[in-house]
>>> print(open('input.pdb').read())   # PDB, C-alpha atoms
ATOM      1  CA  MET Q 208      96.941 102.593  86.007
ATOM      2  CA  THR Q 209      98.017 106.090  86.985
ATOM      3  CA  GLU Q 210     101.357 107.390  85.822
ATOM      4  CA  HIS Q 211     103.072 109.123  88.704
ATOM      5  CA  ALA Q 212     105.267 112.061  87.794
ATOM      6  CA  LEU Q 213     108.981 111.922  88.502
ATOM      7  CA  LYS Q 214     110.035 114.306  91.259
ATOM      8  CA  GLN Q 215     113.485 115.250  92.500
ATOM      9  CA  ILE Q 216     114.804 116.251  95.902
ATOM     10  CA  ASP Q 217     118.171 117.222  97.319
ATOM     11  CA  ALA Q 218     119.246 114.522  99.765
ATOM     12  CA  GLY Q 219     122.369 115.680 101.541
ATOM     13  CA  GLY Q 220     123.892 117.095  98.367
ATOM     14  CA  LEU Q 221     122.814 114.208  96.115
ATOM     15  CA  THR Q 222     119.771 114.582  93.863
ATOM     16  CA  ILE Q 223     117.325 111.692  94.197
ATOM     17  CA  GLY Q 224     114.521 111.094  91.726
ATOM     18  CA  TYR Q 225     111.342 109.467  92.970
ATOM     19  CA  ARG Q 226     107.640 108.870  92.388
ATOM     20  CA  GLU Q 227     105.045 109.210  95.107
ATOM     21  CA  ALA Q 228     101.383 108.502  95.782
ATOM     22  CA  GLY Q 229      99.276 108.819  98.879
ATOM     23  CA  PRO Q 230      96.476 110.635 100.694
ATOM     24  CA  GLY Q 231      97.641 114.174 101.301
ATOM     25  CA  GLU Q 232     100.672 113.283  99.173
ATOM     26  CA  GLY Q 233     103.950 114.282 100.746
ATOM     27  CA  SER Q 234     102.704 114.420 104.313
ATOM     28  CA  MET Q 235      99.999 111.885 105.187
ATOM     29  CA  GLY Q 236      99.998 108.093 105.427
ATOM     30  CA  GLU Q 237     102.450 105.602 106.868
ATOM     31  CA  PRO Q 238     105.460 105.423 104.510
ATOM     32  CA  ILE Q 239     106.335 102.472 102.269
ATOM     33  CA  VAL Q 240     109.472 102.846 100.146
ATOM     34  CA  PHE Q 241     109.992 100.684  97.044
ATOM     35  CA  LEU Q 242     113.568  99.903  95.927
ATOM     36  CA  HIS Q 243     114.054  98.649  92.360
ATOM     37  CA  GLY Q 244     116.498  96.115  90.914
ATOM     38  CA  ILE Q 245     119.654  96.580  88.873
ATOM     39  CA  GLY Q 246     117.986  96.830  85.462
ATOM     40  CA  SER Q 247     115.002  98.871  86.520
ATOM     41  CA  GLY Q 248     113.848 102.182  87.997
ATOM     42  CA  SER Q 249     111.115 103.871  89.977
ATOM     43  CA  ALA Q 250     108.613 103.569  87.115
ATOM     44  CA  ALA Q 251     108.558  99.792  87.583
ATOM     45  CA  TRP Q 252     106.487 100.214  90.753
ATOM     46  CA  GLU Q 253     103.475 102.015  89.215
ATOM     47  CA  ALA Q 254     101.057  99.207  90.127
ATOM     48  CA  GLN Q 255     102.211  99.338  93.739
ATOM     49  CA  LEU Q 256     102.012 103.129  93.909
ATOM     50  CA  ASP Q 257      98.471 102.953  92.518
ATOM     51  CA  HIS Q 258      97.389 100.319  95.002
ATOM     52  CA  PHE Q 259      99.052 101.457  98.207
ATOM     53  CA  GLY Q 260      98.705 105.175  97.565
ATOM     54  CA  ALA Q 261      95.037 104.878  98.530
ATOM     55  CA  ARG Q 262      95.954 104.931 102.237
ATOM     56  CA  TRP Q 263      99.735 104.813 102.577
ATOM     57  CA  ARG Q 264     102.489 107.223 101.647
ATOM     58  CA  ALA Q 265     103.930 105.104  98.844
ATOM     59  CA  ILE Q 266     107.311 106.153  97.427
ATOM     60  CA  ALA Q 267     109.529 104.577  94.770
ATOM     61  CA  TRP Q 268     113.041 105.924  94.431
ATOM     62  CA  ASP Q 269     115.510 105.950  91.585
ATOM     63  CA  ALA Q 270     118.661 104.544  93.150
ATOM     64  CA  PRO Q 271     121.765 106.722  92.720
ATOM     65  CA  GLY Q 272     122.928 106.418  89.123
ATOM     66  CA  TYR Q 273     119.407 105.738  87.826
ATOM     67  CA  GLY Q 274     116.588 107.820  86.372
ATOM     68  CA  GLY Q 275     116.360 111.238  87.983
ATOM     69  CA  SER Q 276     119.066 110.584  90.569
ATOM     70  CA  GLY Q 277     122.640 111.778  90.666
ATOM     71  CA  ASP Q 278     125.696 109.541  90.786
ATOM     72  CA  LEU Q 279     127.638 108.289  93.771
ATOM     73  CA  ALA Q 280     131.409 108.713  93.778
ATOM     74  CA  GLY Q 281     133.761 105.934  92.705
ATOM     75  CA  GLU Q 282     133.513 102.904  90.442
ATOM     76  CA  CYS Q 283     132.227 100.672  93.251
ATOM     77  CA  PRO Q 284     130.413 102.725  95.898
ATOM     78  CA  GLY Q 285     129.474  99.683  98.013
ATOM     79  CA  THR Q 286     126.166  98.884  99.681
ATOM     80  CA  ALA Q 287     126.873 101.211 102.612
ATOM     81  CA  ALA Q 288     126.941 104.221 100.260
ATOM     82  CA  TYR Q 289     123.542 103.318  98.784
ATOM     83  CA  ALA Q 290     122.145 102.697 102.282
ATOM     84  CA  ASP Q 291     123.341 106.079 103.472
ATOM     85  CA  ALA Q 292     121.935 107.730 100.340
ATOM     86  CA  LEU Q 293     118.585 106.154 101.227
ATOM     87  CA  ALA Q 294     118.875 107.505 104.779
ATOM     88  CA  ALA Q 295     119.549 111.011 103.429
ATOM     89  CA  PHE Q 296     116.601 110.638 101.038
ATOM     90  CA  LEU Q 297     114.260 109.737 103.906
ATOM     91  CA  ASP Q 298     115.626 112.676 105.889
ATOM     92  CA  ALA Q 299     114.884 115.020 102.987
ATOM     93  CA  LEU Q 300     111.296 113.734 102.841
ATOM     94  CA  GLY Q 301     110.853 114.107 106.588
ATOM     95  CA  ILE Q 302     110.488 110.347 107.097
ATOM     96  CA  GLU Q 303     111.873 108.945 110.335
ATOM     97  CA  SER Q 304     111.134 105.289 109.579
ATOM     98  CA  ALA Q 305     109.488 103.295 106.801
ATOM     99  CA  HIS Q 306     108.447  99.898 105.536
ATOM    100  CA  LEU Q 307     110.984  98.890 102.872
ATOM    101  CA  VAL Q 308     110.088  96.800  99.826
ATOM    102  CA  GLY Q 309     113.031  95.744  97.683
ATOM    103  CA  ASN Q 310     113.313  93.623  94.569
ATOM    104  CA  SER Q 311     116.595  91.903  93.690
ATOM    105  CA  LEU Q 312     119.357  94.514  94.066
ATOM    106  CA  GLY Q 313     116.835  96.671  95.929
ATOM    107  CA  SER Q 314     116.708  93.918  98.559
ATOM    108  CA  LEU Q 315     120.494  94.099  98.876
ATOM    109  CA  PHE Q 316     120.219  97.849  99.499
ATOM    110  CA  ALA Q 317     117.342  97.333 101.951
ATOM    111  CA  GLY Q 318     119.436  94.826 103.887
ATOM    112  CA  ALA Q 319     122.382  97.182 104.016
ATOM    113  CA  PHE Q 320     120.084  99.947 105.246
ATOM    114  CA  ALA Q 321     118.652  97.668 107.941
ATOM    115  CA  GLY Q 322     122.158  96.769 109.044
ATOM    116  CA  ARG Q 323     123.195 100.409 109.381
ATOM    117  CA  HIS Q 324     119.897 102.098 110.343
ATOM    118  CA  ARG Q 325     117.837  99.402 112.074
ATOM    119  CA  ALA Q 326     115.692 101.857 114.064
ATOM    120  CA  ARG Q 327     114.424 103.357 110.802
ATOM    121  CA  VAL Q 328     113.074 100.048 109.453
ATOM    122  CA  ARG Q 329     109.450  99.260 110.320
ATOM    123  CA  SER Q 330     109.441  96.077 108.264
ATOM    124  CA  LEU Q 331     111.102  94.448 105.259
ATOM    125  CA  LEU Q 332     109.584  92.761 102.234
ATOM    126  CA  LEU Q 333     112.398  91.333 100.130
ATOM    127  CA  SER Q 334     111.327  90.090  96.717
ATOM    128  CA  ASP Q 335     113.639  87.684  94.898
ATOM    129  CA  PRO Q 336     116.579  89.071  96.875
ATOM    130  CA  ALA Q 337     120.045  89.378  95.382
ATOM    131  CA  ILE Q 338     122.342  87.991  98.062
ATOM    132  CA  GLY Q 339     125.403  89.518  96.403
ATOM    133  CA  HIS Q 340     128.518  87.772  95.198
ATOM    134  CA  GLY Q 341     130.841  88.825  98.004
ATOM    135  CA  GLU Q 342     131.060  85.266  99.305
ATOM    136  CA  ALA Q 343     131.572  83.698  95.855
ATOM    137  CA  ASP Q 344     134.945  82.548  94.605
ATOM    138  CA  PRO Q 345     136.879  85.237  92.684
ATOM    139  CA  GLU Q 346     136.484  83.513  89.305
ATOM    140  CA  THR Q 347     132.705  83.230  89.588
ATOM    141  CA  ARG Q 348     132.452  86.812  90.822
ATOM    142  CA  ALA Q 349     134.596  88.155  87.971
ATOM    143  CA  LYS Q 350     132.667  86.199  85.339
ATOM    144  CA  SER Q 351     129.293  87.465  86.544
ATOM    145  CA  LEU Q 352     130.486  91.065  86.709
ATOM    146  CA  LYS Q 353     132.024  90.901  83.238
ATOM    147  CA  MET Q 354     128.741  89.604  81.795
ATOM    148  CA  ARG Q 355     126.848  92.563  83.223
ATOM    149  CA  LEU Q 356     129.404  95.183  82.200
ATOM    150  CA  ASP Q 357     129.707  93.755  78.685
ATOM    151  CA  GLY Q 358     125.928  93.776  78.379
ATOM    152  CA  VAL Q 359     125.444  97.409  79.299
ATOM    153  CA  TYR Q 360     128.566  98.851  77.615
ATOM    154  CA  ASN Q 361     128.936  96.681  74.508
ATOM    155  CA  ASP Q 362     125.264  96.137  73.687
ATOM    156  CA  GLY Q 363     123.762  99.205  75.318
ATOM    157  CA  PRO Q 364     120.595  99.366  77.438
ATOM    158  CA  ALA Q 365     118.164  98.810  74.550
ATOM    159  CA  LYS Q 366     119.790  95.604  73.286
ATOM    160  CA  MET Q 367     120.390  94.454  76.836
ATOM    161  CA  ALA Q 368     116.684  94.882  77.529
ATOM    162  CA  GLU Q 369     115.754  92.796  74.496
ATOM    163  CA  ALA Q 370     118.165  90.051  75.509
ATOM    164  CA  ARG Q 371     117.352  89.902  79.219
ATOM    165  CA  ALA Q 372     113.649  90.663  79.669
ATOM    166  CA  ALA Q 373     112.393  87.129  78.995
ATOM    167  CA  LYS Q 374     114.896  85.719  81.498
ATOM    168  CA  LEU Q 375     113.438  87.863  84.272
ATOM    169  CA  VAL Q 376     109.855  86.615  84.112
ATOM    170  CA  GLY Q 377     108.035  83.297  84.342
ATOM    171  CA  PRO Q 378     106.999  81.255  81.303
ATOM    172  CA  GLY Q 379     103.433  82.575  81.429
ATOM    173  CA  ALA Q 380     104.282  86.284  81.349
ATOM    174  CA  SER Q 381     102.324  88.301  78.799
ATOM    175  CA  GLU Q 382     103.833  90.435  76.068
ATOM    176  CA  ALA Q 383     102.560  93.509  77.914
ATOM    177  CA  VAL Q 384     104.557  92.523  81.008
ATOM    178  CA  LEU Q 385     107.645  91.827  78.906
ATOM    179  CA  GLU Q 386     107.386  95.216  77.215
ATOM    180  CA  ALA Q 387     106.994  96.970  80.572
ATOM    181  CA  VAL Q 388     110.176  95.258  81.786
ATOM    182  CA  ARG Q 389     112.020  96.234  78.604
ATOM    183  CA  ALA Q 390     110.806  99.836  78.830
ATOM    184  CA  VAL Q 391     112.328 100.488  82.244
ATOM    185  CA  MET Q 392     115.536  98.608  81.383
ATOM    186  CA  ARG Q 393     116.045 100.701  78.248
ATOM    187  CA  GLN Q 394     116.279 103.760  80.496
ATOM    188  CA  VAL Q 395     119.219 102.601  82.639
ATOM    189  CA  ARG Q 396     122.332 104.744  82.520
ATOM    190  CA  PRO Q 397     125.387 102.591  81.766
ATOM    191  CA  ASP Q 398     127.685 104.189  84.338
ATOM    192  CA  GLY Q 399     125.082 103.975  87.101
ATOM    193  CA  TYR Q 400     124.336 100.372  86.159
ATOM    194  CA  ALA Q 401     128.059  99.590  86.211
ATOM    195  CA  GLN Q 402     128.427 101.078  89.710
ATOM    196  CA  ALA Q 403     125.517  98.949  90.889
ATOM    197  CA  ALA Q 404     126.944  95.833  89.195
ATOM    198  CA  ARG Q 405     130.307  96.282  90.916
ATOM    199  CA  THR Q 406     128.527  96.819  94.227
ATOM    200  CA  LEU Q 407     126.464  93.658  93.645
ATOM    201  CA  SER Q 408     129.693  91.794  92.934
ATOM    202  CA  GLN Q 409     130.945  92.614  96.435
ATOM    203  CA  GLY Q 410     127.598  92.554  98.289
ATOM    204  CA  LYS Q 411     126.921  90.311 101.304
ATOM    205  CA  LEU Q 412     123.215  90.440 102.140
ATOM    206  CA  LEU Q 413     123.310  87.588 104.650
ATOM    207  CA  THR Q 414     126.066  89.358 106.584
ATOM    208  CA  ASP Q 415     124.175  92.660 106.531
ATOM    209  CA  LEU Q 416     121.057  90.957 107.917
ATOM    210  CA  GLU Q 417     122.769  89.164 110.802
ATOM    211  CA  GLY Q 418     120.749  89.834 113.948
ATOM    212  CA  CYS Q 419     118.119  91.908 112.110
ATOM    213  CA  ASP Q 420     114.881  91.503 114.072
ATOM    214  CA  ALA Q 421     112.606  93.600 111.870
ATOM    215  CA  PRO Q 422     109.392  91.874 110.793
ATOM    216  CA  ALA Q 423     110.300  90.441 107.400
ATOM    217  CA  LEU Q 424     108.689  88.629 104.496
ATOM    218  CA  VAL Q 425     110.823  87.107 101.745
ATOM    219  CA  VAL Q 426     109.007  86.420  98.464
ATOM    220  CA  THR Q 427     110.421  84.517  95.492
ATOM    221  CA  GLY Q 428     108.938  83.379  92.193
ATOM    222  CA  SER Q 429     109.093  79.602  91.776
ATOM    223  CA  GLU Q 430     110.476  80.026  88.237
ATOM    224  CA  ASP Q 431     113.124  82.600  89.150
ATOM    225  CA  THR Q 432     116.406  81.546  87.539
ATOM    226  CA  VAL Q 433     118.251  84.776  88.437
ATOM    227  CA  THR Q 434     117.913  84.482  92.218
ATOM    228  CA  PRO Q 435     116.367  81.013  92.667
ATOM    229  CA  PRO Q 436     114.051  80.129  95.561
ATOM    230  CA  GLU Q 437     116.727  78.438  97.656
ATOM    231  CA  GLY Q 438     118.449  81.810  97.983
ATOM    232  CA  GLY Q 439     115.243  83.424  99.218
ATOM    233  CA  ARG Q 440     114.841  80.678 101.802
ATOM    234  CA  ARG Q 441     118.381  81.324 103.044
ATOM    235  CA  VAL Q 442     117.583  84.996 103.449
ATOM    236  CA  ALA Q 443     114.392  84.252 105.401
ATOM    237  CA  GLU Q 444     116.303  81.860 107.666
ATOM    238  CA  ALA Q 445     118.957  84.522 108.322
ATOM    239  CA  LEU Q 446     116.342  86.924 109.671
ATOM    240  CA  VAL Q 447     115.211  86.750 113.284
ATOM    241  CA  ASN Q 448     111.579  87.290 112.269
ATOM    242  CA  GLY Q 449     111.688  86.170 108.656
ATOM    243  CA  ARG Q 450     109.036  84.241 106.748
ATOM    244  CA  PHE Q 451     109.316  82.816 103.230
ATOM    245  CA  VAL Q 452     106.587  82.696 100.552
ATOM    246  CA  LEU Q 453     106.930  81.043  97.150
ATOM    247  CA  MET Q 454     104.845  82.551  94.339
ATOM    248  CA  ASP Q 455     104.013  79.746  91.958
ATOM    249  CA  GLY Q 456     104.729  80.115  88.249
ATOM    250  CA  LEU Q 457     106.411  83.506  88.515
ATOM    251  CA  GLY Q 458     109.957  84.592  87.745
ATOM    252  CA  HIS Q 459     112.270  87.257  89.130
ATOM    253  CA  LEU Q 460     109.744  90.131  89.044
ATOM    254  CA  PRO Q 461     106.535  88.971  90.761
ATOM    255  CA  TYR Q 462     105.467  92.561  91.501
ATOM    256  CA  ALA Q 463     105.330  93.173  87.728
ATOM    257  CA  GLU Q 464     104.099  89.745  86.579
ATOM    258  CA  ALA Q 465     101.278  89.378  89.092
ATOM    259  CA  PRO Q 466     100.777  92.771  90.745
ATOM    260  CA  GLU Q 467      97.417  91.915  92.275
ATOM    261  CA  SER Q 468      98.793  88.813  94.017
ATOM    262  CA  PHE Q 469     101.974  90.612  95.050
ATOM    263  CA  ASN Q 470     100.039  93.597  96.394
ATOM    264  CA  ALA Q 471      97.731  91.283  98.336
ATOM    265  CA  LEU Q 472     100.731  89.582  99.977
ATOM    266  CA  LEU Q 473     102.237  92.925 100.911
ATOM    267  CA  ALA Q 474      98.908  94.266 102.176
ATOM    268  CA  ASP Q 475      98.414  91.208 104.402
ATOM    269  CA  PHE Q 476     101.963  91.539 105.702
ATOM    270  CA  LEU Q 477     101.439  95.211 106.534
ATOM    271  CA  ALA Q 478      98.128  94.398 108.212
ATOM    272  CA  ASP Q 479     100.006  91.918 110.425
ATOM    273  CA  GLN Q 480     102.304  94.753 111.537
ATOM    274  CA  GLU Q 481      99.314  96.969 112.311
ATOM    275  CA  ARG Q 482      97.685  94.252 114.424
ATOM    276  CA  ALA Q 483     100.936  93.598 116.283
ATOM    277  CA  ALA Q 484     101.309  97.316 117.066
ATOM    278  CA  ALA Q 485      97.696  97.726 118.245
TER     279      ALA Q 485
END
>>> encode(input="input.pdb", output="structure tokens")
Amino acid sequence: MTEHALKQIDAGGLTIGYREAGPGEGSMGEPIVFLHGIGSGSAAWEAQLDHFGARWRAIAWDAPGYGGSGDLAGECPGTAAYADALAAFLDALGIESAHLVGNSLGSLFAGAFAGRHRARVRSLLLSDPAIGHGEADPETRAKSLKMRLDGVYNDGPAKMAEARAAKLVGPGASEAVLEAVRAVMRQVRPDGYAQAARTLSQGKLLTDLEGCDAPALVVTGSEDTVTPPEGGRRVAEALVNGRFVLMDGLGHLPYAEAPESFNALLADFLADQERAAA
């Protein structure tokens, strides 16, 4: 597996860190943008950058508050702020529209982007999507947020990674996969994570996706206890052109647990878009 160097770019006054692979890197290939989850970062997508960089312009960003990216303003920026930061990032890279691949919180951001910038979305692949807790009762929402904030501030990223990694993968995940999950989680910045957690607490993915007619594939691991399969099915049903796929035996991070199978699903989905456009 190739390790892709972290780059940075000014995106409308906000620095965004990212990793990129592709033929004629930076200019050639149809763009695919990978959006990580709340306890992750751009480095989590190395297997996808390796695979899709052979013919696509494959890009994984660090969301604002993560990795090489600057911070958004306010304690709870909201999904619209992340979506607009993504739009500015694409502008800075000279990308008019892209295929978006999001995992968990990254799916929430992808949905918000699709709701605000539909013409810039070629397709959506939402993996184990976080629907957001905006529709939950206040007590449930407050309890979930407190758990996340206590984890990152009281324990710190390293201890949080040790405590949470096994809960994010299926029962058959190898130690190498677990360590890769821990490694990216250890790098989260507490304040950026807290902003994302507060945004997740108020997020409403199903509302953001109302009327979205982009070609869409929703993928969920059958053993995902963080965002269980029934949530993924709801997301697929909310999309005009949504389809749901269950990945047997996997947890919340199928792209990391079974990259070959995940990449094959994404490649087939992208090939469908190419055939439809021909």
>>> resolve_selection(input="input.pdb", expression="the PyMOL selection byres ((chain Q and resi 292-296) around 8)", output="mmCIF file with C-alpha atoms, keeping the file's coordinate frame")
data_model
loop_
_atom_site.group_PDB
_atom_site.id
_atom_site.type_symbol
_atom_site.label_atom_id
_atom_site.label_comp_id
_atom_site.auth_asym_id
_atom_site.auth_seq_id
_atom_site.Cartn_x
_atom_site.Cartn_y
_atom_site.Cartn_z
ATOM 1 C CA ILE Q 216 114.804 116.251 95.902
ATOM 2 C CA ASP Q 217 118.171 117.222 97.319
ATOM 3 C CA ALA Q 218 119.246 114.522 99.765
ATOM 4 C CA GLY Q 219 122.369 115.680 101.541
ATOM 5 C CA LEU Q 221 122.814 114.208 96.115
ATOM 6 C CA ILE Q 223 117.325 111.692 94.197
ATOM 7 C CA PRO Q 271 121.765 106.722 92.720
ATOM 8 C CA ALA Q 288 126.941 104.221 100.260
ATOM 9 C CA TYR Q 289 123.542 103.318 98.784
ATOM 10 C CA ALA Q 290 122.145 102.697 102.282
ATOM 11 C CA ASP Q 291 123.341 106.079 103.472
ATOM 12 C CA LEU Q 297 114.260 109.737 103.906
ATOM 13 C CA ASP Q 298 115.626 112.676 105.889
ATOM 14 C CA ALA Q 299 114.884 115.020 102.987
ATOM 15 C CA LEU Q 300 111.296 113.734 102.841
ATOM 16 C CA PHE Q 320 120.084 99.947 105.246
ATOM 17 C CA HIS Q 324 119.897 102.098 110.343
#
>>> atom_distance(input="input.pdb", atom1="atom CA of Q:Leu460", atom2="atom CA of Q:Pro284")
25.2 Å
>>> residues_around(input="input.pdb", residues="stretch 421-432 of chain Q", least_positions_apart="4", cutoff="7 Å", atoms="only C-alpha atoms", output="PyMOL selection string")
chain Q and resi 328-335+377+436+439+443+448-459+461
>>> closest_atom_pairs(input="input.pdb", of="stretch 307-406 of chain Q", to="stretch 253-257 of chain Q", cutoff="12 Å", atoms="only C-alpha atoms", output="Markdown table")
| residue | atom | partner | partner_atom | distance |
| --- | --- | --- | --- | --- |
| Q:Val308 | CA | Q:Gln255 | CA | 10.3 |
| Q:Val384 | CA | Q:Ala254 | CA | 11.8 |
| Q:Ala387 | CA | Q:Glu253 | CA | 10.6 |
| Q:Val391 | CA | Q:Glu253 | CA | 11.4 |
>>> closest_residue(input="input.pdb", among="Q:Thr406, Q:Asn310, Q:Gly246, Q:Ser276", to="Q:Glu369", atoms="all atoms listed in the file")
Q:Gly246
>>> atom_distance(input="input.pdb", atom1="atom CA of Q:Tyr400", atom2="atom CA of Q:Gly339")
15.0 Å
>>> residues_around(input="input.pdb", residues="stretch 224-228 of chain Q", least_positions_apart="3", cutoff="7 Å", atoms="only C-alpha atoms", output="ChimeraX atom specification")
/Q:211-216,232,249,256,260,264-269,274-276
>>> closest_residue(input="input.pdb", among="Q:Thr414, Q:Asn361, Q:Thr434, Q:Ser408", to="Q:Ser311", atoms="only C-alpha atoms")
Q:Thr434
>>> closest_residue(input="input.pdb", among="Q:Ala370, Q:Leu307, Q:Ala280, Q:Ala337", to="Q:Phe476", atoms="all atoms listed in the file")
Q:Leu307
>>> resolve_selection(input="input.pdb", expression="the PyMOL selection byres ((chain Q and resi 356) around 10)", output="PDB file with C-alpha atoms, in the coordinates of the input")
ATOM      1  CA  SER Q 351     129.293  87.465  86.544  1.00  0.00           C
ATOM      2  CA  LEU Q 352     130.486  91.065  86.709  1.00  0.00           C
ATOM      3  CA  LYS Q 353     132.024  90.901  83.238  1.00  0.00           C
ATOM      4  CA  MET Q 354     128.741  89.604  81.795  1.00  0.00           C
ATOM      5  CA  ARG Q 355     126.848  92.563  83.223  1.00  0.00           C
ATOM      6  CA  ASP Q 357     129.707  93.755  78.685  1.00  0.00           C
ATOM      7  CA  GLY Q 358     125.928  93.776  78.379  1.00  0.00           C
ATOM      8  CA  VAL Q 359     125.444  97.409  79.299  1.00  0.00           C
ATOM      9  CA  TYR Q 360     128.566  98.851  77.615  1.00  0.00           C
ATOM     10  CA  ASN Q 361     128.936  96.681  74.508  1.00  0.00           C
ATOM     11  CA  ASP Q 362     125.264  96.137  73.687  1.00  0.00           C
ATOM     12  CA  GLY Q 363     123.762  99.205  75.318  1.00  0.00           C
ATOM     13  CA  PRO Q 397     125.387 102.591  81.766  1.00  0.00           C
ATOM     14  CA  ASP Q 398     127.685 104.189  84.338  1.00  0.00           C
ATOM     15  CA  TYR Q 400     124.336 100.372  86.159  1.00  0.00           C
ATOM     16  CA  ALA Q 401     128.059  99.590  86.211  1.00  0.00           C
ATOM     17  CA  GLN Q 402     128.427 101.078  89.710  1.00  0.00           C
ATOM     18  CA  ALA Q 404     126.944  95.833  89.195  1.00  0.00           C
ATOM     19  CA  ARG Q 405     130.307  96.282  90.916  1.00  0.00           C
TER      20      ARG Q 405
END
>>> atom_distance(input="input.pdb", atom1="atom CA of Q:Leu407", atom2="atom CA of Q:His340")
6.4 Å
>>> residues_around(input="input.pdb", residues="Q:Leu413", least_positions_apart="3", cutoff="12 Å", atoms="all atoms listed in the file", output="count of residues only")
30
>>> closest_residue(input="input.pdb", among="Q:Phe469, Q:Pro238, Q:Asp278, Q:Ala251", to="Q:Glu386", atoms="all atoms listed in the file")
Q:Ala251
>>> closest_residue(input="input.pdb", among="Q:Lys366, Q:Pro466, Q:Ala326, Q:Ala485", to="Q:Ala390", atoms="all atoms listed in the file")
Q:Lys366
>>> residues_around(input="input.pdb", residues="Q:Met392", least_positions_apart="5", cutoff="8 Å", atoms="all atoms listed in the file", output="NGL selection string")
:Q and (246-248 or 364-365 or 367-368)
>>> write_last_selection(input="input.pdb", atoms="C-alpha atoms", output="mmCIF file, keeping the file's coordinate frame")
data_model
loop_
_atom_site.group_PDB
_atom_site.id
_atom_site.type_symbol
_atom_site.label_atom_id
_atom_site.label_comp_id
_atom_site.auth_asym_id
_atom_site.auth_seq_id
_atom_site.Cartn_x
_atom_site.Cartn_y
_atom_site.Cartn_z
ATOM 1 C CA GLY Q 246 117.986 96.830 85.462
ATOM 2 C CA SER Q 247 115.002 98.871 86.520
ATOM 3 C CA GLY Q 248 113.848 102.182 87.997
ATOM 4 C CA PRO Q 364 120.595 99.366 77.438
ATOM 5 C CA ALA Q 365 118.164 98.810 74.550
ATOM 6 C CA MET Q 367 120.390 94.454 76.836
ATOM 7 C CA ALA Q 368 116.684 94.882 77.529
#
>>> residues_around(input="input.pdb", residues="Q:Arg327", least_positions_apart="5", cutoff="8 Å", atoms="all atoms listed in the file", output="list in words")
Glu303, Ser304, Ala305 and Ala321 of chain Q
>>> closest_residue(input="input.pdb", among="Q:Gly301, Q:His258, Q:Ala471, Q:Leu312", to="Q:Ala403", atoms="all atoms listed in the file")
Q:Leu312
